[in-house]
Amino acid sequence: MAWKKWLKMLMVAALVVMGAVSLAGCNSSSDSSVQDIKKKGELVVGTSADYPPYEFQIVKNGKQQIVGYDVELAHLIAKNIGVKKVKFVNIAFPSLISELQNKKFDMVMAGMVWTKERAKAVSFSSTYHHGGQVLLVSKANENKYSGISALKGATLGAQQSSEQETIGKSLSGVKLVTESSITTLSQEVKAGTLDGLILAQTSADAFVAEHPNDYAIAKNITFKISAKTSDPRVVVRKSDKALLKVVNKTIKDAKKSGELDKLFKEAQKLQYSNNQ
């Protein structure tokens with residue numbers, strides 16, 4: 001009788017093991033995001049390369065290249081995936097999420113922040129930089145506004161489908177102009193067509209550093225928003241949980257080691273030297 005009991009226990013154990021193996025196989029087959037990238041040998045990233053120091057274009061050896069903080073972070077992610085090549089696809093910011101869903105690229109890195117609406121369609125990584133939102137104005141208007149209420153009647157610009165657009169829509173009595181290109185909007189500020197451009201602090205700092213006689217950050221204007229909706233994140237498809245796991249681990253490790261701070265400072269330095 002003892003051998004029958006032992007045989008029964010052995011069969012139960014075998015069934016448990018088979019079930020675990022089957023489940024593991026099911027999970028891996030349902031999410032091959034990391035393996036797919038390894039197979040093709042490159043990480044493809046969607047971006048909108050007019051958002052310094054995150055991503056911007058320079059001419060090197062007669063060729064245009066996309067460089068910046070996001071570019072360097074993408075290379076770290078690629079290294080942790082196990083591929084050496086990173087390819088950037090530069091398109092208009094408002095089209096990034098839809099093209100990600102269409103599988104034009106593996107992820108989006110464009111200084112993009114979390115919103116409820118976006119989170120319904122895609123998954124977001126943990127944040128990889130902290131910075132506020134400010135108002136970029138012409139140098140002559142640096143001290144024009146005494147506070148948020150003084151913006152009533154002003155015409156402000158913001159990038160389409162961005163957190164800055166959401167901020168602009170929340171301002172009472174403000175006329176909001178949106179376009180896909182930050183560069184175009186900044187030129188309209190310089191020309192006087194726009195009274196100001198709502199922009200991430202880091203990008204506004206970059207414009208001022210590049211054109212100190214043309215631009216300034218408006219004093220006395222502070223947009224109160226949470227870090228959750230103002231700090232950039234990497235964006236992936238909802239199904240790509242394995243890829244998101246690699247991205248989050250890369251960010252976590254790079255934060256801990258100080259690598260993220262180093263990469264951000266290098267991106268700023270590259271941008272400023274490129275503008276000399």
# chains A, B, ... in the order shown; residues from 1 in each chain; ligands from 1
$ select_by_dssp --residues "segment 12-243 of chain A" --states "strand (DSSP E or B)" --output "number ranges by chain"
A: 42-47, 51, 55-60, 63-67, 85-90, 107-108, 122-127, 133-138, 155-159, 175-179, 196-200, 215-217, 233-237
$ residues_around --residues "segment 118-123 of chain A" --least-positions-apart "2" --cutoff "12 Å" --atoms "only C-alpha atoms" --output "ChimeraX atom specification"
/A:94,96-102,106-108,112-116,125-126,161-163,229,233-245,247-248
$ write_last_selection --atoms "C-alpha atoms" --output "PDB file, in the first residue's frame"
ATOM      1  CA  PRO A  94       1.637  64.121 -31.654  1.00  0.00           C
ATOM      2  CA  LEU A  96       4.499  59.145 -31.493  1.00  0.00           C
ATOM      3  CA  ILE A  97       2.008  57.043 -29.522  1.00  0.00           C
ATOM      4  CA  SER A  98      -0.057  55.987 -32.534  1.00  0.00           C
ATOM      5  CA  GLU A  99       3.084  54.994 -34.450  1.00  0.00           C
ATOM      6  CA  LEU A 100       4.345  53.060 -31.412  1.00  0.00           C
ATOM      7  CA  GLN A 101       1.086  51.101 -31.434  1.00  0.00           C
ATOM      8  CA  ASN A 102       1.564  50.540 -35.171  1.00  0.00           C
ATOM      9  CA  ASP A 106      10.018  49.558 -30.007  1.00  0.00           C
ATOM     10  CA  MET A 107       9.655  52.479 -27.609  1.00  0.00           C
ATOM     11  CA  VAL A 108       9.249  56.237 -27.406  1.00  0.00           C
ATOM     12  CA  MET A 112       7.153  62.395 -22.729  1.00  0.00           C
ATOM     13  CA  VAL A 113       5.238  62.578 -19.442  1.00  0.00           C
ATOM     14  CA  TRP A 114       2.463  60.465 -17.964  1.00  0.00           C
ATOM     15  CA  THR A 115      -1.169  61.470 -18.490  1.00  0.00           C
ATOM     16  CA  LYS A 116      -4.374  59.540 -17.756  1.00  0.00           C
ATOM     17  CA  SER A 125       8.490  53.586 -17.193  1.00  0.00           C
ATOM     18  CA  SER A 126       9.607  55.174 -13.954  1.00  0.00           C
ATOM     19  CA  SER A 161      -0.378  66.724 -27.297  1.00  0.00           C
ATOM     20  CA  SER A 162       2.097  67.719 -24.579  1.00  0.00           C
ATOM     21  CA  GLU A 163       1.832  68.366 -20.852  1.00  0.00           C
ATOM     22  CA  THR A 229       2.780  64.524 -14.669  1.00  0.00           C
ATOM     23  CA  ARG A 233       9.392  58.622 -18.927  1.00  0.00           C
ATOM     24  CA  VAL A 234      10.091  55.958 -21.533  1.00  0.00           C
ATOM     25  CA  VAL A 235       6.933  54.715 -23.294  1.00  0.00           C
ATOM     26  CA  VAL A 236       6.302  51.151 -24.491  1.00  0.00           C
ATOM     27  CA  ARG A 237       3.351  49.130 -25.749  1.00  0.00           C
ATOM     28  CA  LYS A 238       1.116  47.684 -23.023  1.00  0.00           C
ATOM     29  CA  SER A 239       1.925  44.149 -24.141  1.00  0.00           C
ATOM     30  CA  ASP A 240       5.702  44.658 -23.812  1.00  0.00           C
ATOM     31  CA  LYS A 241       6.094  43.943 -20.097  1.00  0.00           C
ATOM     32  CA  ALA A 242       9.493  42.267 -20.473  1.00  0.00           C
ATOM     33  CA  LEU A 243      10.879  45.331 -22.257  1.00  0.00           C
ATOM     34  CA  LEU A 244       9.420  47.651 -19.612  1.00  0.00           C
ATOM     35  CA  LYS A 245      11.131  45.585 -16.921  1.00  0.00           C
ATOM     36  CA  VAL A 247      13.893  49.789 -19.037  1.00  0.00           C
ATOM     37  CA  ASN A 248      12.936  50.272 -15.376  1.00  0.00           C
TER      38      ASN A 248
END
$ residues_around --residues "Ile198 of chain A" --least-positions-apart "4" --cutoff "12 Å" --atoms "only C-alpha atoms" --output "number ranges by chain"
A: 132-137, 151, 155-160, 162-169, 171, 174, 176-178, 182, 185-186, 189, 194, 202-204, 217-218, 221-223
$ closest_atom_pairs --of "segment 63-148 of chain A" --to "segment 54-57 of chain A" --cutoff "8 Å" --atoms "only C-alpha atoms" --output "Markdown table"
| residue | atom | partner | partner_atom | distance |
| --- | --- | --- | --- | --- |
| A:Gln64 | CA | A:Gln57 | CA | 6.4 |
| A:Gln65 | CA | A:Gln57 | CA | 5.4 |
| A:Ile66 | CA | A:Gln57 | CA | 4.5 |
| A:Val67 | CA | A:Glu55 | CA | 5.6 |
| A:Gly68 | CA | A:Glu55 | CA | 4.5 |
| A:Tyr69 | CA | A:Tyr54 | CA | 4.5 |
| A:Asp70 | CA | A:Tyr54 | CA | 5.1 |
| A:Val71 | CA | A:Glu55 | CA | 6.8 |
| A:Ala110 | CA | A:Glu55 | CA | 7.0 |
| A:Gly111 | CA | A:Tyr54 | CA | 6.4 |
$ write_last_selection --atoms "N, CA and C atoms" --output "CSV table (one decimal), in the first residue's frame"
chain,number,residue,atom,x,y,z
A,64,GLN,N,23.6,64.9,-40.5
A,64,GLN,CA,22.8,65.3,-39.3
A,64,GLN,C,22.7,64.1,-38.4
A,65,GLN,N,22.8,64.3,-37.1
A,65,GLN,CA,22.7,63.2,-36.1
A,65,GLN,C,21.8,63.7,-35.0
A,66,ILE,N,21.0,62.7,-34.5
A,66,ILE,CA,20.2,63.0,-33.3
A,66,ILE,C,21.0,62.6,-32.1
A,67,VAL,N,21.2,63.6,-31.2
A,67,VAL,CA,21.9,63.4,-29.9
A,67,VAL,C,21.1,63.9,-28.8
A,68,GLY,N,21.7,63.7,-27.5
A,68,GLY,CA,21.0,64.2,-26.4
A,68,GLY,C,20.9,63.2,-25.2
A,69,TYR,N,20.3,63.6,-24.2
A,69,TYR,CA,20.1,62.8,-23.0
A,69,TYR,C,19.4,61.5,-23.3
A,70,ASP,N,18.2,61.6,-24.0
A,70,ASP,CA,17.5,60.4,-24.3
A,70,ASP,C,18.2,59.4,-25.1
A,71,VAL,N,19.1,59.9,-26.0
A,71,VAL,CA,19.9,59.1,-26.9
A,71,VAL,C,20.9,58.2,-26.1
A,110,ALA,N,11.0,60.8,-25.8
A,110,ALA,CA,10.9,62.2,-26.3
A,110,ALA,C,10.5,63.2,-25.2
A,111,GLY,N,11.1,62.9,-24.0
A,111,GLY,CA,10.7,63.8,-22.9
A,111,GLY,C,9.2,63.7,-22.6
$ residues_around --residues "Glu266 of chain A" --least-positions-apart "4" --cutoff "10 Å" --atoms "only C-alpha atoms" --output "ChimeraX atom specification"
/A:53,68-69,72,260-262,270-272
$ write_last_selection --atoms "N, CA and C atoms" --output "PDB file, in the first residue's frame"
ATOM      1  N   PRO A  53      17.707  69.477 -23.767  1.00  0.00           N
ATOM      2  CA  PRO A  53      18.836  68.605 -24.119  1.00  0.00           C
ATOM      3  C   PRO A  53      18.457  67.122 -24.233  1.00  0.00           C
ATOM      4  N   GLY A  68      21.670  63.682 -27.550  1.00  0.00           N
ATOM      5  CA  GLY A  68      20.995  64.185 -26.364  1.00  0.00           C
ATOM      6  C   GLY A  68      20.891  63.163 -25.244  1.00  0.00           C
ATOM      7  N   TYR A  69      20.278  63.581 -24.170  1.00  0.00           N
ATOM      8  CA  TYR A  69      20.120  62.765 -22.964  1.00  0.00           C
ATOM      9  C   TYR A  69      19.373  61.464 -23.251  1.00  0.00           C
ATOM     10  N   GLU A  72      21.511  58.867 -25.137  1.00  0.00           N
ATOM     11  CA  GLU A  72      22.484  58.146 -24.310  1.00  0.00           C
ATOM     12  C   GLU A  72      21.800  57.125 -23.409  1.00  0.00           C
ATOM     13  N   LEU A 260      22.831  58.673 -14.564  1.00  0.00           N
ATOM     14  CA  LEU A 260      21.816  59.541 -15.176  1.00  0.00           C
ATOM     15  C   LEU A 260      22.211  61.008 -15.084  1.00  0.00           C
ATOM     16  N   ASP A 261      22.665  61.426 -13.910  1.00  0.00           N
ATOM     17  CA  ASP A 261      23.099  62.821 -13.737  1.00  0.00           C
ATOM     18  C   ASP A 261      24.262  63.146 -14.665  1.00  0.00           C
ATOM     19  N   LYS A 262      25.175  62.199 -14.783  1.00  0.00           N
ATOM     20  CA  LYS A 262      26.345  62.382 -15.649  1.00  0.00           C
ATOM     21  C   LYS A 262      25.916  62.540 -17.111  1.00  0.00           C
ATOM     22  N   LEU A 270      27.103  69.203 -24.537  1.00  0.00           N
ATOM     23  CA  LEU A 270      27.132  69.010 -25.986  1.00  0.00           C
ATOM     24  C   LEU A 270      26.272  70.051 -26.687  1.00  0.00           C
ATOM     25  N   GLN A 271      25.118  70.301 -26.117  1.00  0.00           N
ATOM     26  CA  GLN A 271      24.216  71.282 -26.722  1.00  0.00           C
ATOM     27  C   GLN A 271      24.828  72.679 -26.718  1.00  0.00           C
ATOM     28  N   TYR A 272      25.378  73.071 -25.578  1.00  0.00           N
ATOM     29  CA  TYR A 272      25.957  74.408 -25.469  1.00  0.00           C
ATOM     30  C   TYR A 272      27.174  74.568 -26.378  1.00  0.00           C
TER      31      TYR A 272
END
$ closest_residue --among "A:Ile81, A:Ala209, A:Val86, A:Leu76" --to "Lys269 of chain A" --atoms "only C-alpha atoms"
A:Ala209
$ closest_residue --among "A:Gly62, A:Gly173, A:Gly258, A:Gly41" --to "Ser149 of chain A" --atoms "only C-alpha atoms"
A:Gly173
$ closest_residue --among "A:Ala267, A:Ala78, A:Ala216, A:Ala49" --to "Gly196 of chain A" --atoms "only C-alpha atoms"
A:Ala216
